[in-house]
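A.B. asks: Next comes the structure file run_38.txt, holding compact mmCIF, C-alpha atoms and all ligand atoms.
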# COMPACT_ATOMS: atom_id res chain seq x y z
CA MET C 370 0.00 0.00 0.00
CA SER C 371 1.47 3.36 -0.86
CA THR C 372 0.76 6.61 0.88
CA ASP C 373 -1.77 8.36 -1.29
CA VAL C 374 -1.48 11.74 0.36
CA ASN C 375 1.99 13.15 0.16
CA VAL C 376 3.35 13.44 3.67
CA LYS C 377 5.05 16.76 4.08
CA MET C 378 8.40 15.62 5.39
CA ASP C 379 10.27 18.23 3.38
CA ALA C 380 9.67 20.66 6.21
CA ILE C 381 12.42 18.81 8.07
CA PRO C 382 15.80 20.24 7.10
CA GLY C 383 18.69 17.89 6.37
CA LEU C 384 16.67 14.78 5.52
CA ASP C 385 18.79 12.66 3.21
CA PRO C 386 16.92 9.92 1.33
CA ASN C 387 20.20 8.07 0.79
CA ALA C 388 21.10 8.00 4.48
CA MET C 389 20.18 4.96 6.56
CA PRO C 390 16.60 4.77 7.84
CA LEU C 391 17.88 4.45 11.41
CA GLN C 392 21.21 4.92 13.13
CA VAL C 393 21.59 4.92 16.88
CA LYS C 394 24.92 6.29 18.09
CA ASP C 395 26.25 5.98 21.63
CA LEU C 396 22.81 6.36 23.22
CA HIS C 397 22.69 6.89 26.97
CA VAL C 398 19.50 6.83 29.06
CA GLU C 399 19.24 7.07 32.81
CA PHE C 400 16.39 6.96 35.30
CA ARG C 401 16.71 9.28 38.26
CA THR C 402 15.00 7.36 41.02
CA ARG C 403 14.79 7.57 44.79
CA ASN C 404 17.21 4.66 44.99
CA GLY C 405 19.82 6.35 42.86
CA ILE C 406 20.48 6.66 39.15
CA ALA C 407 19.59 3.58 37.12
CA HIS C 408 21.91 3.44 34.10
CA ALA C 409 19.47 1.73 31.76
CA VAL C 410 21.21 2.40 28.41
CA ASN C 411 24.97 2.93 28.41
CA GLY C 412 26.28 3.70 24.96
CA VAL C 413 24.10 1.67 22.60
CA SER C 414 24.92 1.96 18.91
CA PHE C 415 23.46 0.15 15.92
CA ASP C 416 22.25 0.90 12.43
CA LEU C 417 19.65 -0.36 10.10
CA GLN C 418 19.67 -0.63 6.31
CA PRO C 419 16.46 -0.60 4.25
CA GLY C 420 14.84 -4.03 4.41
CA GLU C 421 17.17 -5.23 7.14
CA THR C 422 16.12 -6.98 10.35
CA ARG C 423 18.14 -6.20 13.44
CA ALA C 424 17.42 -8.29 16.51
CA ILE C 425 18.09 -6.81 19.93
CA LEU C 426 18.51 -9.58 22.38
CA GLY C 427 19.06 -9.82 26.11
CA GLU C 428 17.64 -10.82 29.46
CA SER C 429 14.83 -8.97 31.20
CA GLY C 430 15.84 -5.52 32.42
CA CYS C 431 18.88 -5.03 30.16
CA GLY C 432 17.44 -1.91 28.51
CA LYS C 433 15.80 -3.20 25.32
CA SER C 434 12.44 -1.47 25.75
CA VAL C 435 14.04 1.71 27.08
CA THR C 436 16.18 1.86 23.92
CA ALA C 437 13.02 1.53 21.82
CA GLN C 438 11.20 4.15 23.88
CA ALA C 439 14.09 6.57 23.44
CA ILE C 440 14.01 6.06 19.66
CA MET C 441 10.26 6.64 19.60
CA GLY C 442 10.52 9.65 21.92
CA ILE C 443 8.10 8.12 24.40
CA LEU C 444 10.41 7.75 27.36
CA ASP C 445 8.80 8.12 30.76
CA THR C 446 10.30 11.57 31.59
CA PRO C 447 10.85 12.09 34.47
CA PRO C 448 12.32 9.80 35.76
CA GLY C 449 13.89 8.76 32.40
CA PHE C 450 16.29 11.06 30.51
CA VAL C 451 18.36 10.69 27.37
CA THR C 452 21.74 11.92 28.57
CA GLY C 453 23.81 11.38 25.45
CA GLY C 454 24.04 10.11 21.92
CA GLU C 455 22.22 10.52 18.63
CA ILE C 456 19.20 8.89 17.01
CA LEU C 457 19.38 9.54 13.29
CA TYR C 458 16.49 9.06 10.89
CA ARG C 459 17.79 9.49 7.33
CA GLY C 460 20.69 11.52 8.70
CA VAL C 461 18.61 13.81 10.94
CA ASP C 462 19.11 13.62 14.70
CA LEU C 463 15.63 13.14 16.16
CA LEU C 464 16.86 14.22 19.57
CA LYS C 465 17.52 17.71 18.20
CA LEU C 466 14.22 18.11 16.33
CA PRO C 467 11.44 20.31 17.69
CA GLU C 468 8.69 18.16 19.20
CA ALA C 469 6.19 18.82 16.38
CA GLN C 470 8.59 17.58 13.69
CA ARG C 471 9.65 14.67 15.79
CA ARG C 472 6.00 13.67 16.19
CA LYS C 473 5.63 13.79 12.42
CA VAL C 474 8.53 11.38 11.92
CA ARG C 475 7.16 9.13 14.64
CA ALA C 476 3.68 9.02 13.17
CA ASN C 477 4.71 8.48 9.58
CA LYS C 478 8.12 6.88 9.37
CA ILE C 479 8.97 4.94 12.52
CA ALA C 480 6.26 2.75 14.02
CA MET C 481 6.27 0.48 17.02
CA ILE C 482 4.48 -2.65 18.14
CA PHE C 483 4.38 -2.82 21.91
CA GLN C 484 5.17 -5.62 24.31
CA ASP C 485 1.60 -5.65 25.57
CA ALA C 486 -1.00 -5.57 22.77
CA LEU C 487 -4.04 -5.57 25.04
CA SER C 488 -3.11 -2.43 26.94
CA ALA C 489 -2.07 -0.66 23.73
CA LEU C 490 -5.59 -0.94 22.29
CA ASN C 491 -8.44 1.13 23.67
CA PRO C 492 -11.17 -1.20 25.00
CA VAL C 493 -14.06 1.24 24.43
CA PHE C 494 -13.61 1.73 20.69
CA THR C 495 -13.99 -0.77 17.88
CA VAL C 496 -10.88 -1.98 16.14
CA GLY C 497 -12.11 -0.30 12.96
CA PHE C 498 -12.52 3.04 14.71
CA GLN C 499 -8.99 2.90 16.12
CA LEU C 500 -7.47 1.98 12.78
CA GLY C 501 -9.64 4.49 10.93
CA GLU C 502 -8.61 7.27 13.27
CA LEU C 503 -5.03 6.97 11.99
CA PHE C 504 -6.17 7.60 8.43
CA ARG C 505 -8.57 10.37 9.41
CA LYS C 506 -6.05 12.15 11.61
CA HIS C 507 -2.85 11.73 9.62
CA ARG C 508 -4.17 11.39 6.08
CA GLY C 509 -7.29 13.54 6.28
CA MET C 510 -9.50 10.73 4.94
CA SER C 511 -13.28 10.67 5.17
CA ARG C 512 -14.93 8.19 7.56
CA LYS C 513 -15.97 6.00 4.65
CA ASP C 514 -12.53 5.86 3.04
CA ALA C 515 -10.85 5.33 6.38
CA LYS C 516 -13.11 2.36 7.05
CA ALA C 517 -12.42 0.84 3.66
CA ARG C 518 -8.70 1.25 4.30
CA SER C 519 -9.04 -0.37 7.73
CA ILE C 520 -10.70 -3.41 6.19
CA GLU C 521 -7.88 -3.65 3.65
CA LEU C 522 -5.36 -3.59 6.47
CA LEU C 523 -7.13 -6.28 8.48
CA ASP C 524 -7.08 -8.37 5.31
CA LEU C 525 -3.40 -7.66 4.91
CA VAL C 526 -2.62 -9.04 8.37
CA LYS C 527 -4.80 -12.06 7.52
CA ILE C 528 -7.65 -11.51 9.92
CA PRO C 529 -10.52 -13.63 8.57
CA ALA C 530 -13.86 -11.93 7.79
CA ALA C 531 -12.27 -8.49 8.05
CA ARG C 532 -15.46 -6.77 6.86
CA GLN C 533 -17.36 -7.98 9.93
CA ARG C 534 -14.54 -7.92 12.41
CA VAL C 535 -13.71 -4.29 11.74
CA ASN C 536 -16.81 -3.44 13.82
CA GLU C 537 -15.77 -5.52 16.84
CA TYR C 538 -14.05 -4.45 20.05
CA PRO C 539 -10.54 -5.54 21.12
CA HIS C 540 -11.83 -7.99 23.77
CA GLN C 541 -13.65 -9.92 21.03
CA PHE C 542 -10.31 -10.82 19.46
CA SER C 543 -8.02 -13.63 20.59
CA GLY C 544 -4.47 -12.80 21.70
CA GLY C 545 -3.00 -13.69 18.33
CA MET C 546 -5.66 -11.74 16.42
CA ARG C 547 -5.12 -8.73 18.68
CA GLN C 548 -1.42 -8.83 17.90
CA ARG C 549 -2.37 -8.85 14.20
CA VAL C 550 -4.47 -5.73 14.81
CA MET C 551 -1.44 -4.12 16.45
CA ILE C 552 0.65 -4.96 13.40
CA ALA C 553 -2.05 -3.47 11.17
CA MET C 554 -2.02 -0.26 13.20
CA ALA C 555 1.76 -0.06 13.07
CA LEU C 556 1.76 -0.52 9.29
CA ALA C 557 -1.19 1.78 8.61
CA LEU C 558 0.88 4.82 7.68
CA ASP C 559 3.45 2.83 5.74
CA PRO C 560 6.49 3.29 8.01
CA GLU C 561 10.07 2.80 6.86
CA VAL C 562 11.13 1.44 10.22
CA LEU C 563 9.16 -0.88 12.45
CA ILE C 564 10.22 -1.55 16.02
CA ALA C 565 8.62 -4.72 17.37
CA ASP C 566 9.12 -5.07 21.12
CA GLU C 567 8.60 -8.71 22.08
CA PRO C 568 5.67 -8.96 19.65
CA THR C 569 4.95 -12.57 20.47
CA THR C 570 5.79 -13.13 24.14
CA ALA C 571 2.19 -13.28 25.33
CA LEU C 572 1.21 -15.86 22.69
CA ASP C 573 1.44 -19.63 22.55
CA VAL C 574 4.15 -21.22 20.46
CA THR C 575 2.22 -21.98 17.26
CA VAL C 576 0.65 -18.51 17.20
CA GLN C 577 4.11 -17.00 17.84
CA ALA C 578 5.42 -18.69 14.73
CA GLN C 579 2.47 -17.45 12.65
CA ILE C 580 2.93 -13.86 13.82
CA MET C 581 6.67 -13.95 13.14
CA ALA C 582 6.04 -15.36 9.67
CA LEU C 583 3.51 -12.61 9.00
CA LEU C 584 5.90 -9.90 10.15
CA ALA C 585 8.70 -11.30 8.02
CA GLU C 586 6.41 -11.47 4.96
CA LEU C 587 5.13 -7.91 5.36
CA GLN C 588 8.64 -6.65 5.89
CA ARG C 589 9.87 -8.29 2.70
CA GLU C 590 6.97 -6.98 0.65
CA ARG C 591 7.53 -3.42 1.85
CA ASN C 592 11.31 -3.44 2.11
CA MET C 593 10.77 -2.14 5.62
CA SER C 594 13.53 -2.08 8.24
CA LEU C 595 12.71 -4.06 11.35
CA VAL C 596 14.08 -3.84 14.87
CA LEU C 597 13.02 -7.01 16.59
CA ILE C 598 13.37 -6.94 20.36
CA THR C 599 13.31 -10.30 22.08
CA HIS C 600 14.87 -12.36 24.85
CA ASP C 601 14.35 -15.55 22.88
CA MET C 602 17.41 -16.53 20.87
CA GLY C 603 15.35 -19.25 19.17
CA VAL C 604 13.01 -16.68 17.59
CA VAL C 605 15.68 -14.63 15.85
CA ALA C 606 17.53 -17.36 13.97
CA ASP C 607 15.11 -17.45 11.05
CA VAL C 608 14.26 -13.80 10.69
CA ALA C 609 17.17 -11.58 11.72
CA ASP C 610 20.06 -10.41 9.54
CA ARG C 611 22.11 -8.97 12.38
CA ILE C 612 21.99 -9.28 16.14
CA SER C 613 22.89 -6.86 18.90
CA VAL C 614 23.21 -8.63 22.24
CA MET C 615 22.61 -6.36 25.21
CA TYR C 616 23.76 -6.75 28.79
CA ALA C 617 23.24 -4.15 31.53
CA GLY C 618 22.42 -1.43 29.03
CA ARG C 619 25.34 -2.08 26.68
CA VAL C 620 25.65 -3.88 23.37
CA ILE C 621 28.23 -6.52 24.27
CA GLU C 622 28.24 -8.33 20.93
CA GLU C 623 27.13 -7.27 17.47
CA ALA C 624 27.31 -9.53 14.44
CA PRO C 625 25.56 -11.10 11.45
CA VAL C 626 23.17 -13.73 12.74
CA ASN C 627 24.98 -16.71 11.24
CA ASP C 628 28.32 -15.73 12.79
CA ILE C 629 26.78 -15.52 16.21
CA TYR C 630 25.22 -18.95 15.93
CA ALA C 631 28.37 -20.49 14.53
CA SER C 632 30.80 -19.04 17.08
CA PRO C 633 29.71 -16.51 19.70
CA ALA C 634 32.54 -14.22 20.78
CA HIS C 635 31.14 -13.06 24.12
CA PRO C 636 30.62 -15.47 27.03
CA TYR C 637 27.16 -14.01 27.64
CA THR C 638 26.07 -14.70 24.06
CA LYS C 639 27.49 -18.18 24.38
CA GLY C 640 25.47 -18.71 27.55
CA LEU C 641 22.29 -17.50 25.85
CA LEU C 642 22.85 -19.92 22.98
CA GLU C 643 23.43 -22.79 25.36
CA SER C 644 20.16 -21.96 27.09
CA ILE C 645 18.04 -22.56 23.97
CA PRO C 646 16.03 -25.70 24.68
CA ARG C 647 17.17 -28.42 22.30
CA LEU C 648 14.74 -31.07 21.20
CA ASP C 649 17.51 -33.58 20.67
CA LEU C 650 18.65 -33.28 24.28
CA LYS C 651 15.38 -34.21 25.93
CA GLY C 652 15.53 -34.32 29.70
CA GLN C 653 18.98 -32.84 29.84
CA GLU C 654 19.31 -29.86 32.11
CA LEU C 655 19.61 -26.51 30.38
CA SER C 656 22.92 -24.85 30.92
CA ALA C 657 21.34 -21.49 31.68
CA ILE C 658 23.64 -18.69 32.78
CA LYS C 659 24.15 -18.74 36.53
CA GLY C 660 23.22 -15.77 38.67
CA LEU C 661 21.23 -12.66 37.87
CA PRO C 662 21.82 -9.54 35.79
CA PRO C 663 23.08 -6.58 37.87
CA VAL C 664 20.89 -3.92 39.40
CA LEU C 665 21.28 -0.93 37.10
CA THR C 666 21.90 1.49 39.97
CA ASN C 667 24.99 -0.56 40.82
CA ILE C 668 26.61 -2.02 37.70
CA PRO C 669 29.86 -3.95 38.41
CA ARG C 670 33.12 -2.26 37.41
CA GLY C 671 35.05 -3.40 34.40
CA CYS C 672 32.87 -5.90 32.57
CA ALA C 673 29.30 -5.87 33.92
CA PHE C 674 29.06 -9.59 33.21
CA ASN C 675 32.19 -10.57 35.17
CA PRO C 676 30.47 -11.96 38.32
CA ARG C 677 28.64 -14.54 36.18
CA CYS C 678 31.41 -15.27 33.72
CA ARG C 679 33.45 -18.45 33.61
CA TYR C 680 36.20 -16.73 31.60
CA ALA C 681 36.57 -13.73 33.93
CA GLN C 682 40.03 -12.76 35.16
CA ASP C 683 41.35 -9.83 37.15
CA VAL C 684 41.41 -7.49 34.16
CA CYS C 685 37.62 -7.94 33.80
CA ARG C 686 36.92 -6.80 37.35
CA HIS C 687 38.42 -3.33 37.14
CA ASP C 688 37.77 -0.13 35.27
CA PRO C 689 37.95 0.96 32.54
CA PRO C 690 35.01 -0.87 30.97
CA VAL C 691 35.91 -3.47 28.34
CA PRO C 692 36.31 -1.89 24.91
CA LEU C 693 34.52 -3.24 21.86
CA TYR C 694 37.00 -5.50 20.06
CA GLN C 695 36.76 -5.87 16.30
CA VAL C 696 36.27 -9.63 15.92
CA SER C 697 36.01 -9.42 12.14
CA SER C 698 35.15 -6.66 9.68
CA ALA C 699 31.46 -7.22 10.36
CA ARG C 700 31.40 -7.88 14.09
CA THR C 701 32.43 -6.60 17.49
CA ALA C 702 32.49 -8.03 21.01
CA ALA C 703 33.17 -6.46 24.40
CA CYS C 704 35.31 -9.24 25.85
CA HIS C 705 39.08 -9.32 26.51
CA PHE C 706 39.00 -13.05 25.86
CA TRP C 707 36.89 -13.15 22.74
CA LYS C 708 39.39 -15.36 20.88
CA GLU C 709 39.23 -17.98 23.58
CA VAL C 710 35.43 -17.78 23.77
CA LYS C 711 35.16 -18.16 20.03
CA GLY C 712 37.52 -21.10 20.08
CA ASP C 713 40.21 -19.36 17.98
CA GLU C 714 42.83 -19.91 20.67
N1 LIG F 1 9.74 3.99 34.37
C1 LIG F 1 10.91 3.59 34.89
N2 LIG F 1 11.36 4.08 36.07
C2 LIG F 1 12.54 3.72 36.59
N3 LIG F 1 13.38 2.84 36.02
C3 LIG F 1 12.99 2.31 34.85
C4 LIG F 1 11.76 2.63 34.22
N4 LIG F 1 11.65 1.95 33.06
C5 LIG F 1 12.78 1.22 32.98
N5 LIG F 1 13.59 1.43 34.03
C6 LIG F 1 14.92 0.84 34.26
O1 LIG F 1 15.45 0.46 33.02
C7 LIG F 1 15.82 -0.90 33.03
C8 LIG F 1 15.63 -1.52 31.69
O2 LIG F 1 14.25 -1.67 31.43
P1 LIG F 1 13.69 -2.21 30.05
O3 LIG F 1 12.21 -2.08 30.14
O4 LIG F 1 14.36 -1.55 28.93
O5 LIG F 1 14.11 -3.73 30.11
P2 LIG F 1 13.92 -4.83 28.94
O6 LIG F 1 15.28 -5.19 28.47
O7 LIG F 1 12.94 -4.33 27.95
O8 LIG F 1 13.34 -6.07 29.78
P3 LIG F 1 12.12 -7.07 29.43
O9 LIG F 1 12.72 -8.19 28.66
O10 LIG F 1 11.67 -7.49 30.80
O11 LIG F 1 11.08 -6.31 28.70
C9 LIG F 1 15.00 -1.52 34.14
O12 LIG F 1 15.66 -2.61 34.70
C10 LIG F 1 14.89 -0.38 35.13
O13 LIG F 1 16.03 -0.34 35.96
MG MG F 2 11.03 -4.83 27.49
Would you encode the structure as structure tokens?
Ligand SMILES: Nc1ncnc2c1ncn2[C@@H]1O[C@H](COP(=O)(O)OP(=O)(O)OP(=O)(O)O)[C@@H](O)[C@H]1O
Ligand SMILES: [Mg+2]
C.D. replies:
Amino acid sequence: MSTDVNVKMDAIPGLDPNAMPLQVKDLHVEFRTRNGIAHAVNGVSFDLQPGETRAILGESGCGKSVTAQAIMGILDTPPGFVTGGEILYRGVDLLKLPEAQRRKVRANKIAMIFQDALSALNPVFTVGFQLGELFRKHRGMSRKDAKARSIELLDLVKIPAARQRVNEYPHQFSGGMRQRVMIAMALALDPEVLIADEPTTALDVTVQAQIMALLAELQRERNMSLVLITHDMGVVADVADRISVMYAGRVIEEAPVNDIYASPAHPYTKGLLESIPRLDLKGQELSAIKGLPPVLTNIPRGCAFNPRCRYAQDVCRHDPPVPLYQVSSARTAACHFWKEVKGDE
């Protein structure tokens, strides 16, 4: 579906159609809480080519959703503040844009599917009304046209009997169908970048697979860039091009998906891979990573992962933080012992 009303993005100076749809550079976010400053995002960088899928992976609390919220400009402020870095859309730093222009980019170019579909939909309006509102508000469509467009979108996300279901309320949809509605809403204005934050966590396994397949199909058709946030390493294997693994608010390994699966270079990534349940090892205990991620008000010195790491030595326990080592031309890892971890030594 193409945008039929030309969106006036030319009012934003410096937009470069040849620049990448999204580039995050050295992003820092902190939460100023009663218990101290929680360092939720500590220098996250990644970029996204057109049509590319970037998975952001990591345990609960490592800063995945906060990164997404910062990109979308929907951080809970206060207590959350972006304290450094850049978020570039086609070469323009969104953090420096006036709010009105930023809102325009957010509405039209960068869309997000939230972790919790049920609370993102309004229970008192029909699904058709909520979809239609996007077209009425942002595209100036009539009620009739907006409804026709909404039905098309429900069809697109493969909701059966779209013509009838467009008049139903969110609670009348199953979890999987609701997530399809969320995808429809995210795609309504034809974004270039879609951020999907754990789009399938609340769903059962077969429905998860269907939703992931649908997302992948829609992305391919539209050459859309996708940021897929998940803590499930199993989910990303089939769909992602590149992976950023996060730990305590940092990207600790960044690589093409196949490289990571073949030979992880950070002990944390290795641990995540070993925790994927394997059907051929029935009954065998999972070698999940021991211990818990740090509290973000008190991140360990040196490498944040050192207390849980079987490779850790003295150098990992002291400042300065571990630099990002260039493992190959296409990948980096924040581990002094990456060669050993990878099995190169
Ligand atoms: N509203 C808030 N107030 C204070 N601290 C917050 C708030 N939101 C997030 N944080 C802090 O940021 C950290 C990262 O949260 P985030 O939601 O990004 O985790 P996540 O990686 O998305 O985890 P999950 O897999 O559970 O969704 C939290 O552990 C918490 O310390
Ligand atoms: Mg989250």
A.B. asks: Could the centre and edge lengths of an axis-aligned box, enclosing all atoms of region 557-561 of chain C in the file with 4 Å extra on each side, be given in Å to one decimal as AutoDock Vina command-line options?
C.D. replies:
--center_x 4.4 --center_y 3.3 --center_z 7.2 --size_x 19.3 --size_y 11.0 --size_z 10.9
A.B. asks: Quick one: pull the distance between CA of Lys711 (chain C) and CA of Ile668 (chain C), Å, one decimal.
C.D. replies: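 Separation of CA of Lys711 (chain C) and CA of Ile668 (chain C): 25.4 Å.
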A.B. asks: Enumerate as an mmCIF file with C-alpha atoms, in the coordinates of the input the residues within 7 Å of ligand LIG 1 (chain F), counting all atoms listed in the file.
C.D. replies:
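Contents of selection03.cif, as written:
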data_model
loop_
_atom_site.group_PDB
_atom_site.id
_atom_site.type_symbol
_atom_site.label_atom_id
_atom_site.label_comp_id
_atom_site.auth_asym_id
_atom_site.auth_seq_id
_atom_site.Cartn_x
_atom_site.Cartn_y
_atom_site.Cartn_z
ATOM 1 C CA PHE C 400 16.390 6.960 35.300
ATOM 2 C CA THR C 402 15.000 7.360 41.020
ATOM 3 C CA ALA C 407 19.590 3.580 37.120
ATOM 4 C CA ALA C 409 19.470 1.730 31.760
ATOM 5 C CA GLY C 427 19.060 -9.820 26.110
ATOM 6 C CA GLU C 428 17.640 -10.820 29.460
ATOM 7 C CA SER C 429 14.830 -8.970 31.200
ATOM 8 C CA GLY C 430 15.840 -5.520 32.420
ATOM 9 C CA CYS C 431 18.880 -5.030 30.160
ATOM 10 C CA GLY C 432 17.440 -1.910 28.510
ATOM 11 C CA LYS C 433 15.800 -3.200 25.320
ATOM 12 C CA SER C 434 12.440 -1.470 25.750
ATOM 13 C CA VAL C 435 14.040 1.710 27.080
ATOM 14 C CA THR C 436 16.180 1.860 23.920
ATOM 15 C CA ASP C 445 8.800 8.120 30.760
ATOM 16 C CA PRO C 448 12.320 9.800 35.760
ATOM 17 C CA GLY C 449 13.890 8.760 32.400
ATOM 18 C CA THR C 599 13.310 -10.300 22.080
ATOM 19 C CA HIS C 600 14.870 -12.360 24.850
ATOM 20 C CA VAL C 664 20.890 -3.920 39.400
ATOM 21 C CA LEU C 665 21.280 -0.930 37.100
#
A.B. asks: Which residue is closest to ligand MG 2 (chain F)? Choose from C:Leu426, C:Leu563, C:Ile456, C:Leu503 and count all atoms listed in the file.
C.D. replies: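 For ligand MG 2 (chain F), the nearest of the candidates is C:Leu426.
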A.B. asks: Restricting the calculation to all atoms listed in the file, which member of C:Ala486, C:Ala703, C:Leu587, C:Val451 is positioned closest to Glu622 (chain C)?
C.D. replies: C:Ala703
A.B. asks: Do you know which residues lie at most 9 Å from (-3.3, -4.1, 9.2), with coordinates as in the file and only C-alpha atoms counted, and could you write them as an MDAnalysis selection string?
C.D. replies: chainID C and resid 500 519:528 549:557
A.B. asks: Write out as a PyMOL selection string the residues lying within 8 Å of Leu384 (chain C), counting all atoms listed in the file and excluding same-chain residues fewer than 5 positions away.
C.D. replies: chain C and resi 379+458-461
A.B. asks: Please identify all polymer residues within 10 Å of Pro419 (chain C), counting all atoms listed in the file, omitting same-chain residues fewer than 3 positions from it, and present them as a ChimeraX atom specification.
C.D. replies: /C:388-391,422,561-562,591-595
A.B. asks: Take the selection from the previous step and output its residues with C-alpha atoms, as a compact mmCIF listing (two decimals), in the coordinates of the input.
C.D. replies:
# COMPACT_ATOMS: atom_id res chain seq x y z
CA ALA C 388 21.10 8.00 4.48
CA MET C 389 20.18 4.96 6.56
CA PRO C 390 16.60 4.77 7.84
CA LEU C 391 17.88 4.45 11.41
CA THR C 422 16.12 -6.98 10.35
CA GLU C 561 10.07 2.80 6.86
CA VAL C 562 11.13 1.44 10.22
CA ARG C 591 7.53 -3.42 1.85
CA ASN C 592 11.31 -3.44 2.11
CA MET C 593 10.77 -2.14 5.62
CA SER C 594 13.53 -2.08 8.24
CA LEU C 595 12.71 -4.06 11.35
A.B. asks: So which residues touch Arg589 (chain C) within 10 Å, counting all atoms listed in the file, skipping near sequence neighbours fewer than 6 positions away, as an NGL selection string?
C.D. replies: :C and (420-422 or 583)
A.B. asks: Grab the CA of Phe498 (chain C) to CA of Ala565 (chain C) distance for me, in Å with one decimal place.
C.D. replies: 22.7 Å
A.B. asks: Distance CA of Val398 (chain C)-CA of Cys704 (chain C), one decimal place?
C.D. replies: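 Spanning CA of Val398 (chain C) to CA of Cys704 (chain C) is a straight-line distance of 22.8 Å.
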A.B. asks: Got a sec: who's within 7 Å of Tyr538 (chain C), counting only C-alpha atoms, leaving out chain neighbours fewer than 6 positions off, as a PyMOL selection string?
C.D. replies: chain C and resi 492+494-496
A.B. asks: Mind checking which residues fall within 8 Å of Gly640 (chain C), counting all atoms listed in the file, ignoring those fewer than 3 positions away in the same chain, and posting them as a PDB file with C-alpha atoms, in the coordinates of the input?
C.D. replies:
ATOM      1  CA  PRO C 636      30.620 -15.470  27.030  1.00  0.00           C
ATOM      2  CA  TYR C 637      27.160 -14.010  27.640  1.00  0.00           C
ATOM      3  CA  GLU C 643      23.430 -22.790  25.360  1.00  0.00           C
ATOM      4  CA  SER C 644      20.160 -21.960  27.090  1.00  0.00           C
ATOM      5  CA  SER C 656      22.920 -24.850  30.920  1.00  0.00           C
ATOM      6  CA  ALA C 657      21.340 -21.490  31.680  1.00  0.00           C
ATOM      7  CA  ILE C 658      23.640 -18.690  32.780  1.00  0.00           C
TER       8      ILE C 658
END
A.B. asks: Just checking: using only C-alpha atoms and all ligand atoms, which residue out of C:Trp707, C:Phe542, C:Phe674, C:Phe483 ends up closest to ligand MG 2 (chain F)?
C.D. replies: C:Phe483
A.B. asks: Restricting the calculation to all atoms listed in the file, which member of C:Gln695, C:Gln588, C:Ser488, C:Gln438 is positioned closest to ligand MG 2 (chain F)?
C.D. replies: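 Of all the options, C:Gln438 lies closest to ligand MG 2 (chain F).
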A.B. asks: Looking at C:Ile598, C:Val493, C:Leu464, C:Ala469, which one is nearest to ligand MG 2 (chain F), with distances taken over all atoms listed in the file?
C.D. replies: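 Closest to ligand MG 2 (chain F), using all atoms listed in the file: C:Ile598.
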A.B. asks: So which one's closest to ligand MG 2 (chain F), C:Met546, C:Leu487, C:Ile482, C:Ala702? Using only C-alpha atoms and all ligand atoms, please.
C.D. replies: C:Ile482
A.B. asks: Just region 390-402 of chain C from the block, N, CA and C atoms, as an mmCIF file, in the first residue's frame, could you?
C.D. replies:
data_model
loop_
_atom_site.group_PDB
_atom_site.id
_atom_site.type_symbol
_atom_site.label_atom_id
_atom_site.label_comp_id
_atom_site.auth_asym_id
_atom_site.auth_seq_id
_atom_site.Cartn_x
_atom_site.Cartn_y
_atom_site.Cartn_z
ATOM 1 N N PRO C 390 17.868 4.467 7.175
ATOM 2 C CA PRO C 390 16.600 4.773 7.840
ATOM 3 C C PRO C 390 16.760 4.979 9.355
ATOM 4 N N LEU C 391 17.696 4.255 9.964
ATOM 5 C CA LEU C 391 17.884 4.452 11.407
ATOM 6 C C LEU C 391 19.327 4.178 11.792
ATOM 7 N N GLN C 392 19.859 5.094 12.577
ATOM 8 C CA GLN C 392 21.209 4.923 13.135
ATOM 9 C C GLN C 392 21.172 5.415 14.568
ATOM 10 N N VAL C 393 21.511 4.530 15.481
ATOM 11 C CA VAL C 393 21.588 4.924 16.885
ATOM 12 C C VAL C 393 23.065 4.982 17.240
ATOM 13 N N LYS C 394 23.487 6.117 17.801
ATOM 14 C CA LYS C 394 24.919 6.294 18.095
ATOM 15 C C LYS C 394 25.118 6.631 19.556
ATOM 16 N N ASP C 395 25.783 5.728 20.247
ATOM 17 C CA ASP C 395 26.246 5.978 21.625
ATOM 18 C C ASP C 395 25.132 6.522 22.525
ATOM 19 N N LEU C 396 23.983 5.896 22.452
ATOM 20 C CA LEU C 396 22.812 6.356 23.219
ATOM 21 C C LEU C 396 22.965 6.055 24.712
ATOM 22 N N HIS C 397 22.684 7.059 25.509
ATOM 23 C CA HIS C 397 22.688 6.895 26.973
ATOM 24 C C HIS C 397 21.320 7.316 27.529
ATOM 25 N N VAL C 398 20.748 6.478 28.366
ATOM 26 C CA VAL C 398 19.501 6.830 29.057
ATOM 27 C C VAL C 398 19.658 6.491 30.528
ATOM 28 N N GLU C 399 19.242 7.406 31.387
ATOM 29 C CA GLU C 399 19.243 7.073 32.813
ATOM 30 C C GLU C 399 17.899 7.400 33.440
ATOM 31 N N PHE C 400 17.598 6.682 34.523
ATOM 32 C CA PHE C 400 16.387 6.960 35.305
ATOM 33 C C PHE C 400 16.828 7.494 36.652
ATOM 34 N N ARG C 401 16.339 8.680 36.967
ATOM 35 C CA ARG C 401 16.714 9.279 38.258
ATOM 36 C C ARG C 401 15.658 8.886 39.271
ATOM 37 N N THR C 402 15.985 7.905 40.079
ATOM 38 C CA THR C 402 15.000 7.361 41.018
ATOM 39 C C THR C 402 15.422 7.648 42.455
#
